[in-house]
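Below: final_8.pdb (PDB, C-alpha atoms and all ligand atoms)
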```
ATOM      1  CA  MET A   1       9.431  15.430 -10.327
ATOM      2  CA  ASN A   2      12.959  14.787  -9.173
ATOM      3  CA  GLU A   3      15.262  13.288 -11.808
ATOM      4  CA  TYR A   4      16.454  10.468  -9.572
ATOM      5  CA  ILE A   5      12.882   9.421  -8.759
ATOM      6  CA  ASN A   6      11.982   9.547 -12.450
ATOM      7  CA  LYS A   7      14.773   7.122 -13.210
ATOM      8  CA  PHE A   8      13.603   4.817 -10.440
ATOM      9  CA  LEU A   9      10.021   4.917 -11.712
ATOM     10  CA  LYS A  10      11.198   4.251 -15.249
ATOM     11  CA  ILE A  11      12.758   0.987 -14.099
ATOM     12  CA  ILE A  12       9.620  -0.041 -12.239
ATOM     13  CA  ARG A  13       7.328   0.715 -15.166
ATOM     14  CA  ASN A  14       9.472  -0.847 -17.850
ATOM     15  CA  CYS A  15      10.818  -3.947 -16.197
ATOM     16  CA  SER A  16      10.250  -7.332 -17.787
ATOM     17  CA  VAL A  17       7.599  -9.588 -16.356
ATOM     18  CA  ASP A  18       9.234 -13.021 -15.990
ATOM     19  CA  ASN A  19       9.318 -12.788 -12.225
ATOM     20  CA  THR A  20       8.941 -10.301  -9.385
ATOM     21  CA  TYR A  21      12.600 -10.050  -8.305
ATOM     22  CA  LYS A  22      12.974  -6.476  -9.499
ATOM     23  CA  MET A  23       9.890  -5.368  -7.598
ATOM     24  CA  ALA A  24      11.114  -6.969  -4.399
ATOM     25  CA  TRP A  25      14.574  -5.478  -4.880
ATOM     26  CA  GLY A  26      13.245  -1.982  -5.585
ATOM     27  CA  ARG A  27      10.903  -2.139  -2.650
ATOM     28  CA  ALA A  28      13.718  -3.197  -0.341
ATOM     29  CA  LEU A  29      15.886  -0.265  -1.468
ATOM     30  CA  VAL A  30      13.098   2.197  -0.746
ATOM     31  CA  GLU A  31      12.201   0.659   2.595
ATOM     32  CA  ILE A  32      15.814   0.490   3.775
ATOM     33  CA  SER A  33      16.589   4.023   2.653
ATOM     34  CA  SER A  34      13.906   5.304   4.995
ATOM     35  CA  GLU A  35      15.587   3.509   7.905
ATOM     36  CA  ILE A  36      19.225   4.486   7.399
ATOM     37  CA  ASN A  37      21.244   7.663   7.692
ATOM     38  CA  ASN A  38      23.895   7.152   5.080
ATOM     39  CA  GLU A  39      24.112   5.946   1.509
ATOM     40  CA  LYS A  40      25.439   2.473   2.276
ATOM     41  CA  ILE A  41      23.068  -0.489   1.947
ATOM     42  CA  HIS A  42      24.268  -3.963   2.850
ATOM     43  CA  PHE A  43      23.198  -6.946   0.814
ATOM     44  CA  SER A  44      22.194  -8.720   4.018
ATOM     45  CA  GLN A  45      19.669  -5.930   4.739
ATOM     46  CA  ILE A  46      18.205  -6.236   1.256
ATOM     47  CA  ALA A  47      18.058 -10.028   1.421
ATOM     48  CA  THR A  48      16.193  -9.901   4.740
ATOM     49  CA  LYS A  49      13.612  -7.425   3.418
ATOM     50  CA  ILE A  50      13.023  -9.446   0.270
ATOM     51  CA  PHE A  51      12.724 -12.573   2.349
ATOM     52  CA  LYS A  52      10.044 -10.812   4.413
ATOM     53  CA  TYR A  53       7.992  -9.809   1.346
ATOM     54  CA  TYR A  54       8.112 -13.274  -0.141
ATOM     55  CA  TRP A  55       7.471 -15.014   3.168
ATOM     56  CA  ASN A  56       4.326 -12.950   3.780
ATOM     57  CA  GLN A  57       3.008 -13.247   0.225
ATOM     58  CA  THR A  58       3.645 -16.985   0.221
ATOM     59  CA  ILE A  59       2.490 -18.022   3.665
ATOM     60  CA  TYR A  60      -0.746 -16.030   3.475
ATOM     61  CA  PHE A  61      -1.662 -16.173  -0.194
ATOM     62  CA  ASP A  62       0.679 -18.644  -1.870
ATOM     63  CA  LEU A  63       1.249 -16.190  -4.703
ATOM     64  CA  ILE A  64       3.313 -17.517  -7.604
ATOM     65  CA  GLN A  65       6.255 -15.179  -8.300
ATOM     66  CA  GLY A  66       7.590 -16.451 -11.619
ATOM     67  CA  SER A  67       6.376 -17.448 -15.067
ATOM     68  CA  ASN A  68       7.869 -20.945 -14.911
ATOM     69  CA  ILE A  69       5.490 -22.711 -12.550
ATOM     70  CA  SER A  70       7.509 -25.902 -12.321
ATOM     71  CA  LYS A  71      10.693 -24.005 -11.509
ATOM     72  CA  PRO A  72      10.028 -21.116  -9.103
ATOM     73  CA  PRO A  73      12.675 -18.403  -8.685
ATOM     74  CA  GLU A  74      15.483 -19.684  -6.463
ATOM     75  CA  PHE A  75      14.850 -17.132  -3.730
ATOM     76  CA  ILE A  76      11.251 -18.370  -3.425
ATOM     77  CA  THR A  77      12.434 -21.945  -3.071
ATOM     78  CA  GLU A  78      14.493 -20.831  -0.068
ATOM     79  CA  VAL A  79      11.480 -19.046   1.422
ATOM     80  CA  LYS A  80       9.256 -22.101   0.944
ATOM     81  CA  LYS A  81      11.845 -24.333   2.557
ATOM     82  CA  GLN A  82      11.898 -22.109   5.646
ATOM     83  CA  ILE A  83       8.104 -21.936   5.818
ATOM     84  CA  GLU A  84       7.943 -25.749   5.828
ATOM     85  CA  ILE A  85      10.563 -25.909   8.602
ATOM     86  CA  TYR A  86       8.573 -23.365  10.588
ATOM     87  CA  TYR A  87       5.319 -25.326  10.150
ATOM     88  CA  GLN A  88       7.031 -28.567  11.218
ATOM     89  CA  LYS A  89       8.403 -26.929  14.324
ATOM     90  CA  GLN A  90       5.072 -25.300  15.084
ATOM     91  CA  GLY A  91       3.032 -28.474  14.655
ATOM     92  CA  ASN A  92       0.265 -26.689  12.745
ATOM     93  CA  ARG A  93      -0.103 -24.734   9.527
ATOM     94  CA  GLN A  94      -1.294 -21.375  10.823
ATOM     95  CA  PRO A  95       0.309 -18.551   8.819
ATOM     96  CA  ILE A  96       2.233 -15.865  10.650
ATOM     97  CA  ARG A  97       3.992 -12.678   9.549
ATOM     98  CA  PHE A  98       7.732 -12.868   9.113
ATOM     99  CA  GLU A  99       8.224  -9.798  11.341
ATOM    100  CA  ARG A 100       6.814 -11.687  14.310
ATOM    101  CA  ILE A 101       9.094 -14.701  14.151
ATOM    102  CA  GLU A 102      12.114 -13.232  12.391
ATOM    103  CA  SER A 103      14.434 -14.107  15.276
ATOM    104  CA  GLU A 104      13.420 -17.778  15.157
ATOM    105  CA  ILE A 105      14.195 -18.216  11.472
ATOM    106  CA  ASN A 106      17.653 -19.296  10.404
ATOM    107  CA  LEU A 107      18.140 -17.438   7.147
ATOM    108  CA  ASN A 108      20.756 -18.835   4.809
ATOM    109  CA  ILE A 109      21.877 -15.280   4.199
ATOM    110  CA  LYS A 110      24.970 -16.237   2.179
ATOM    111  CA  LYS A 111      22.894 -18.132  -0.330
ATOM    112  CA  LEU A 112      20.258 -15.390  -0.553
ATOM    113  CA  ILE A 113      22.929 -12.770  -1.213
ATOM    114  CA  LYS A 114      24.472 -14.954  -3.883
ATOM    115  CA  ILE A 115      21.129 -15.169  -5.680
ATOM    116  CA  LEU A 116      20.670 -11.407  -5.507
ATOM    117  CA  LYS A 117      24.166 -10.688  -6.781
ATOM    118  CA  GLN A 118      23.780 -13.163  -9.610
ATOM    119  CA  ASP A 119      20.282 -12.356 -10.791
ATOM    120  CA  VAL A 120      19.058  -9.016  -9.497
ATOM    121  CA  SER A 121      21.462  -6.316  -8.342
ATOM    122  CA  TRP A 122      22.878  -5.469 -11.788
ATOM    123  CA  ARG A 123      19.858  -6.547 -13.824
ATOM    124  CA  PHE A 124      17.626  -4.118 -11.941
ATOM    125  CA  LEU A 125      19.414  -1.209 -13.647
ATOM    126  CA  LYS A 126      19.212  -2.664 -17.150
ATOM    127  CA  LEU A 127      16.413  -1.685 -19.470
ATOM    128  CA  LYS A 128      16.153  -2.861 -23.057
ATOM    129  CA  LYS A 129      18.179  -0.042 -24.551
ATOM    130  CA  GLU A 130      19.965   1.559 -21.640
ATOM    131  CA  THR A 131      21.499   1.102 -18.239
ATOM    132  CA  ILE A 132      20.237   3.429 -15.558
ATOM    133  CA  SER A 133      22.421   4.565 -12.708
ATOM    134  CA  LEU A 134      20.912   4.637  -9.225
ATOM    135  CA  TYR A 135      23.614   3.003  -7.135
ATOM    136  CA  SER A 136      27.106   1.710  -7.499
ATOM    137  CA  TYR A 137      28.640  -1.566  -6.479
ATOM    138  CA  GLN A 138      32.252  -2.636  -6.342
ATOM    139  CA  LYS A 139      32.841  -6.271  -7.056
ATOM    140  CA  GLY A 140      33.592  -8.191  -3.891
ATOM    141  CA  ASN A 141      31.860  -5.724  -1.542
ATOM    142  CA  ASP A 142      28.915  -6.794   0.559
ATOM    143  CA  TYR A 143      27.184  -3.449   0.173
ATOM    144  CA  LEU A 144      26.186  -0.957  -2.466
ATOM    145  CA  ILE A 145      26.210   2.832  -2.451
ATOM    146  CA  LEU A 146      22.987   4.649  -3.237
ATOM    147  CA  GLU A 147      23.367   7.840  -5.201
ATOM    148  CA  ASN A 148      20.597   9.616  -3.348
ATOM    149  CA  TYR A 149      19.052   7.824  -0.393
ATOM    150  CA  GLU A 150      17.446  10.940   1.064
ATOM    151  CA  ILE A 151      15.319  11.484  -1.991
ATOM    152  CA  LEU A 152      14.160   7.860  -1.906
ATOM    153  CA  LYS A 153      13.071   8.436   1.650
ATOM    154  CA  GLU A 154      11.222  11.607   0.698
ATOM    155  CA  TYR A 155       9.349   9.970  -2.185
ATOM    156  CA  SER A 156       8.842   6.578  -0.576
ATOM    157  CA  ASP A 157       5.014   6.748  -0.660
ATOM    158  CA  ILE A 158       4.922   7.327  -4.405
ATOM    159  CA  LEU A 159       7.522   4.662  -5.024
ATOM    160  CA  PHE A 160       5.766   2.079  -2.844
ATOM    161  CA  GLU A 161       2.538   2.719  -4.682
ATOM    162  CA  ALA A 162       4.160   2.367  -8.100
ATOM    163  CA  ILE A 163       5.965  -0.807  -7.056
ATOM    164  CA  ASN A 164       2.842  -2.406  -5.577
ATOM    165  CA  PHE A 165       0.880  -1.596  -8.699
ATOM    166  CA  ARG A 166       3.501  -3.101 -11.007
ATOM    167  CA  TRP A 167       4.024  -6.085  -8.689
ATOM    168  CA  THR A 168       0.287  -6.775  -8.851
ATOM    169  CA  GLN A 169       0.327  -6.584 -12.651
ATOM    170  CA  ILE A 170       3.174  -9.076 -12.862
ATOM    171  CA  LEU A 171       1.496 -11.465 -10.401
ATOM    172  CA  GLU A 172      -1.659 -11.379 -12.486
ATOM    173  CA  ASN A 173       0.288 -13.004 -15.317
ATOM    174  CA  PHE A 174       0.772 -16.222 -13.413
ATOM    175  CA  ASN A 175      -1.836 -16.288 -10.642
ATOM    176  CA  SER A 176      -5.472 -17.115 -11.234
ATOM    177  CA  SER A 177      -6.598 -16.286  -7.705
ATOM    178  CA  PRO A 178      -8.897 -13.297  -7.172
ATOM    179  CA  ARG A 179      -8.121 -10.007  -5.385
ATOM    180  CA  ILE A 180      -4.382  -9.883  -6.047
ATOM    181  CA  ALA A 181      -4.086  -6.108  -5.660
ATOM    182  CA  LYS A 182      -5.758  -6.359  -2.272
ATOM    183  CA  LYS A 183      -3.475  -9.208  -1.251
ATOM    184  CA  VAL A 184      -0.343  -7.269  -2.145
ATOM    185  CA  LYS A 185      -1.574  -4.145  -0.447
ATOM    186  CA  ILE A 186      -2.679  -5.687   2.819
ATOM    187  CA  LEU A 187       0.837  -6.934   3.488
ATOM    188  CA  ASP A 188       1.877  -3.328   4.067
ATOM    189  CA  LEU A 189      -0.270  -3.241   7.155
ATOM    190  CA  LYS A 190       1.084  -4.343  10.509
ATOM    191  CA  GLU A 191      -1.547  -6.976  11.119
ATOM    192  CA  ILE A 192      -3.582  -9.115   8.784
ATOM    193  CA  LYS A 193      -6.827  -9.421  10.610
ATOM    194  CA  ARG A 194      -9.013 -12.412   9.948
ATOM    195  CA  ASN A 195     -12.624 -11.403  10.205
ATOM    196  CA  ASN A 196     -14.684 -12.811  13.005
ATOM    197  CA  LEU A 197     -16.834 -15.484  11.394
ATOM    198  CA  SER A 198     -19.309 -15.942  14.221
ATOM    199  CA  LYS A 199     -21.977 -13.973  12.331
ATOM    200  CA  PHE A 200     -22.219 -17.023  10.027
ATOM    201  CA  ARG A 201     -23.166 -19.425  12.842
ATOM    202  CA  SER A 202     -26.881 -18.801  12.655
ATOM    203  CA  PHE A 203     -26.839 -19.737   8.947
ATOM    204  CA  LEU A 204     -24.704 -22.820   9.448
ATOM    205  CA  ASP A 205     -26.807 -23.917  12.412
ATOM    206  CA  ALA A 206     -29.905 -23.882  10.233
ATOM    207  CA  GLU A 207     -28.534 -26.637   8.023
ATOM    208  CA  ASN A 208     -26.220 -28.389  10.482
ATOM    209  CA  PRO A 209     -27.907 -28.051  13.897
ATOM    210  CA  ASN A 210     -26.169 -31.104  15.348
ATOM    211  CA  HIS A 211     -22.729 -29.869  14.367
ATOM    212  CA  PHE A 212     -21.240 -32.583  12.206
ATOM    213  CA  CYS A 213     -17.668 -31.942  11.110
ATOM    214  CA  PHE A 214     -17.332 -31.311   7.378
ATOM    215  CA  ILE A 215     -13.891 -32.898   7.270
ATOM    216  CA  CYS A 216     -14.219 -36.114   9.313
ATOM    217  CA  ASN A 217     -18.051 -36.369   9.344
ATOM    218  CA  LYS A 218     -18.105 -37.048  13.094
ATOM    219  CA  LYS A 219     -20.206 -35.099  15.541
ATOM    220  CA  ILE A 220     -18.462 -32.169  17.206
ATOM    221  CA  THR A 221     -18.926 -32.434  20.939
ATOM    222  CA  ASN A 222     -17.434 -30.617  23.930
ATOM    223  CA  GLU A 223     -16.137 -27.722  21.808
ATOM    224  CA  THR A 224     -17.509 -24.819  19.844
ATOM    225  CA  PRO A 225     -17.347 -25.863  16.187
ATOM    226  CA  SER A 226     -14.635 -24.116  14.210
ATOM    227  CA  ILE A 227     -15.687 -22.370  11.023
ATOM    228  CA  ASP A 228     -13.557 -23.447   8.093
ATOM    229  CA  HIS A 229     -13.067 -22.133   4.562
ATOM    230  CA  VAL A 230     -13.361 -25.141   2.219
ATOM    231  CA  ILE A 231     -11.600 -23.327  -0.627
ATOM    232  CA  PRO A 232      -8.661 -21.842   1.265
ATOM    233  CA  TRP A 233      -8.930 -18.316   2.599
ATOM    234  CA  SER A 234      -5.419 -17.800   1.248
ATOM    235  CA  PHE A 235      -6.813 -18.198  -2.262
ATOM    236  CA  LEU A 236     -10.126 -16.350  -2.012
ATOM    237  CA  PHE A 237      -9.153 -13.754   0.583
ATOM    238  CA  SER A 238     -12.826 -13.421   1.409
ATOM    239  CA  ASP A 239     -15.412 -14.894   3.803
ATOM    240  CA  ASP A 240     -18.510 -16.199   2.035
ATOM    241  CA  LEU A 241     -21.304 -18.348   3.381
ATOM    242  CA  TRP A 242     -21.114 -20.645   0.336
ATOM    243  CA  ASN A 243     -17.556 -21.554   1.332
ATOM    244  CA  LEU A 244     -17.923 -21.907   5.101
ATOM    245  CA  VAL A 245     -18.556 -25.087   7.095
ATOM    246  CA  TYR A 246     -18.302 -26.401  10.631
ATOM    247  CA  THR A 247     -15.294 -28.511  11.581
ATOM    248  CA  HIS A 248     -13.409 -29.758  14.619
ATOM    249  CA  LYS A 249     -10.678 -27.379  15.734
ATOM    250  CA  SER A 250      -8.128 -30.133  15.243
ATOM    251  CA  CYS A 251      -9.416 -31.090  11.778
ATOM    252  CA  ASN A 252      -9.263 -27.436  10.750
ATOM    253  CA  SER A 253      -5.782 -26.640  11.996
ATOM    254  CA  GLN A 254      -4.193 -29.529  10.098
ATOM    255  CA  LYS A 255      -5.263 -28.397   6.676
ATOM    256  CA  SER A 256      -4.823 -24.672   6.074
ATOM    257  CA  ASN A 257      -4.056 -23.762   2.438
ATOM    258  CA  ILE A 258      -4.729 -27.287   1.188
ATOM    259  CA  ILE A 259      -6.832 -27.550  -1.939
ATOM    260  CA  PRO A 260     -10.013 -29.593  -1.323
ATOM    261  CA  SER A 261     -10.665 -32.869  -3.102
ATOM    262  CA  GLU A 262     -13.416 -33.266  -5.674
ATOM    263  CA  SER A 263     -15.548 -35.249  -3.232
ATOM    264  CA  GLU A 264     -15.354 -32.372  -0.749
ATOM    265  CA  ILE A 265     -16.395 -29.990  -3.516
ATOM    266  CA  ASN A 266     -19.363 -32.218  -4.386
ATOM    267  CA  LYS A 267     -20.295 -32.349  -0.747
ATOM    268  CA  LEU A 268     -20.104 -28.562  -0.435
ATOM    269  CA  GLU A 269     -22.359 -28.095  -3.461
ATOM    270  CA  ILE A 270     -24.962 -30.424  -1.980
ATOM    271  CA  ARG A 271     -24.680 -28.641   1.348
ATOM    272  CA  ASN A 272     -25.164 -25.250  -0.321
ATOM    273  CA  ASN A 273     -28.317 -26.362  -2.120
ATOM    274  CA  ARG A 274     -29.764 -27.751   1.089
ATOM    275  CA  LEU A 275     -28.745 -24.651   3.033
ATOM    276  CA  LEU A 276     -30.370 -22.312   0.533
ATOM    277  CA  LYS A 277     -33.597 -24.330   0.550
ATOM    278  CA  ILE A 278     -33.805 -24.204   4.338
ATOM    279  CA  LEU A 279     -33.035 -20.482   4.552
ATOM    280  CA  GLU A 280     -35.541 -19.641   1.827
ATOM    281  CA  SER A 281     -38.211 -21.743   3.480
ATOM    282  CA  LYS A 282     -37.652 -19.592   6.584
ATOM    283  CA  ASN A 283     -38.021 -16.519   4.423
ATOM    284  CA  ASP A 284     -34.579 -15.362   5.483
ATOM    285  CA  LYS A 285     -33.813 -12.117   3.606
ATOM    286  CA  ARG A 286     -30.337 -11.407   4.896
ATOM    287  CA  LYS A 287     -27.559 -10.453   2.483
ATOM    288  CA  ALA A 288     -25.632 -13.707   2.941
ATOM    289  CA  VAL A 289     -28.640 -15.655   1.661
ATOM    290  CA  LYS A 290     -28.811 -13.606  -1.527
ATOM    291  CA  GLU A 291     -25.081 -14.102  -1.984
ATOM    292  CA  LEU A 292     -25.475 -17.839  -1.466
ATOM    293  CA  LYS A 293     -28.112 -17.940  -4.162
ATOM    294  CA  ILE A 294     -25.904 -16.079  -6.627
ATOM    295  CA  ALA A 295     -22.983 -18.375  -5.784
ATOM    296  CA  ILE A 296     -25.093 -21.429  -6.618
ATOM    297  CA  GLU A 297     -26.443 -19.917  -9.841
ATOM    298  CA  LYS A 298     -22.989 -18.868 -10.968
ATOM    299  CA  ASP A 299     -21.311 -22.087  -9.892
ATOM    300  CA  TYR A 300     -18.694 -20.328  -7.728
ATOM    301  CA  VAL A 301     -17.660 -23.428  -5.776
ATOM    302  CA  ARG A 302     -16.604 -25.367  -8.842
ATOM    303  CA  LYS A 303     -15.172 -22.370 -10.700
ATOM    304  CA  PHE A 304     -12.965 -21.223  -7.843
ATOM    305  CA  TRP A 305     -11.979 -24.805  -7.086
ATOM    306  CA  ILE A 306     -10.798 -25.311 -10.646
ATOM    307  CA  SER A 307      -8.861 -22.057 -10.691
ATOM    308  CA  CYS A 308      -7.174 -22.754  -7.355
ATOM    309  CA  LYS A 309      -6.016 -26.141  -8.634
ATOM    310  CA  THR A 310      -4.155 -24.681 -11.610
TER
HETATM  311 ZN    ZN A 401     -13.525 -33.466  12.332
END
```
What would you get if you wrote out this structure as structure tokens?
Ligand SMILES: [Zn+2]
Amino acid sequence: MNEYINKFLKIIRNCSVDNTYKMAWGRALVEISSEINNEKIHFSQIATKIFKYYWNQTIYFDLIQGSNISKPPEFITEVKKQIEIYYQKQGNRQPIRFERIESEINLNIKKLIKILKQDVSWRFLKLKKETISLYSYQKGNDYLILENYEILKEYSDILFEAINFRWTQILENFNSSPRIAKKVKILDLKEIKRNNLSKFRSFLDAENPNHFCFICNKKITNETPSIDHVIPWSFLFSDDLWNLVYTHKSCNSQKSNIIPSESEINKLEIRNNRLLKILESKNDKRKAVKELKIAIEKDYVRKFWISCKT
């Protein structure tokens, strides 16, 4: 393979694992090089790309990007601040891709660039025993010069794959949530589609025919009950009968990504036992019923609840 690409891959494979800055930086270089027609890359372009990656990984999956849980990397703190501002303005906590609302977000680009210059741009090229040359930067400039942007463009698929793989490995060091590789990968797609949950209604109706809201306990009238993930979808990244309940639309939209309380977990366990009994008494043989049974036997509700709390 090309020498320049080998050097790039060497950095990706050998980088330290304290946080994911280098992955985000490398990914931004590759993505930008396939959009430009000269070797100049501005720090503002890189900062915006990195902001996009972290926004999407945070707002959808709340992935932790650094080993020090109580002190997240500074760039992430900026992203989280902006997500909160966006939620406040929006009046609900429905996640959205950065690409779709980019123009509405006021990036503090100066601060982001400062972080990158301080912590990432030079460190990216440093391995334990050597410094690798891929680009050059003159102090005081707001851009860097890539040695070979055309080759990055040509090999972008391989590089993206290597970066995603390494990024996943690093995330696994400080995230206990399941399906991390899938979470990282899906953010490459244009749309994150939530599955239609209506196929679960017939199961939920069997146990909750009068449509009581799981969150406020009141009867849901004059609206189709919403189907809610008790343990957040952002954590599980999966739709499972054992985790789904009916709620009011309004109750549901106020709480996305919030970790349930122990009393809610107790309530869900009781609900699941009742639900399984009812479905078995009807001799229901569908796949979701078998999965519900396994979930009860293996104590999924409590196990996933505990791991999403830590
Ligand atoms: Zn309610």
- the PyMOL selection byres (((chain A and resi 162) around 12) and not hetatm) on the file shown: which residues, as a list in words?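 With the PyMOL selection byres (((chain A and resi 162) around 12) and not hetatm) on this model, the match is Ile5, Asn6, Phe8, Leu9, Lys10, Ile11, Ile12, Arg13, Asn14, Met23, Gly26, Arg27, Val30, Tyr155, Ser156, Asp157, Ile158, Leu159, Phe160, Glu161, Ile163, Asn164, Phe165, Arg166, Trp167, Thr168, Gln169 and Lys185 of chain A.
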- Selection under test: the PyMOL selection byres (((chain A and resi 196) around 12) and not hetatm); residues as a ChimeraX atom specification: /A:193-195,197-201,226-228,238-239
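Picked by the PyMOL selection byres (((not hetatm)) within 7 of (chain A and resi 401)) from the coordinates shown: Cys213, Phe214, Ile215, Cys216, Asn217, Lys218, Thr247, His248, Ser250 and Cys251 of chain A.
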- Query: Which protein, DNA or RNA residues have an atom at most 12 Å from (-10.5, -31.6, 0.0), counting all atoms listed in the file? List them as a PyMOL selection string.
  - Reply: chain A and resi 214-216+228-232+251-252+255-268+305+308-309
Contacts of A:Thr48 at 8 Å (all atoms listed in the file; same-chain gap of 4+ positions) as a compact mmCIF listing (two decimals) with C-alpha atoms, keeping the file's coordinate frame:
```
# COMPACT_ATOMS: atom_id res chain seq x y z
CA SER A 44 22.19 -8.72 4.02
CA LYS A 52 10.04 -10.81 4.41
CA ILE A 109 21.88 -15.28 4.20
```
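Atom CA of A:Lys111 is positioned 27.5 Å from atom CA of A:Asn92.
Remark: for A:Thr58, the closest of the candidate residues A:Tyr246, A:Phe98, A:Phe304, A:Phe43 is A:Phe98 (distances computed over all atoms listed in the file).
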- Between A:His211, A:Lys287, A:Lys117, A:Lys190, which is the closest to A:Arg97 once you count all atoms listed in the file?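 Comparing A:His211, A:Lys287, A:Lys117, A:Lys190 against A:Arg97, the winner is A:Lys190.
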- Quick one, how far is atom CA of A:Lys40 from atom CA of A:Ile145?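 Computed distance, atom CA of A:Lys40 to atom CA of A:Ile145, equals 4.8 Å.
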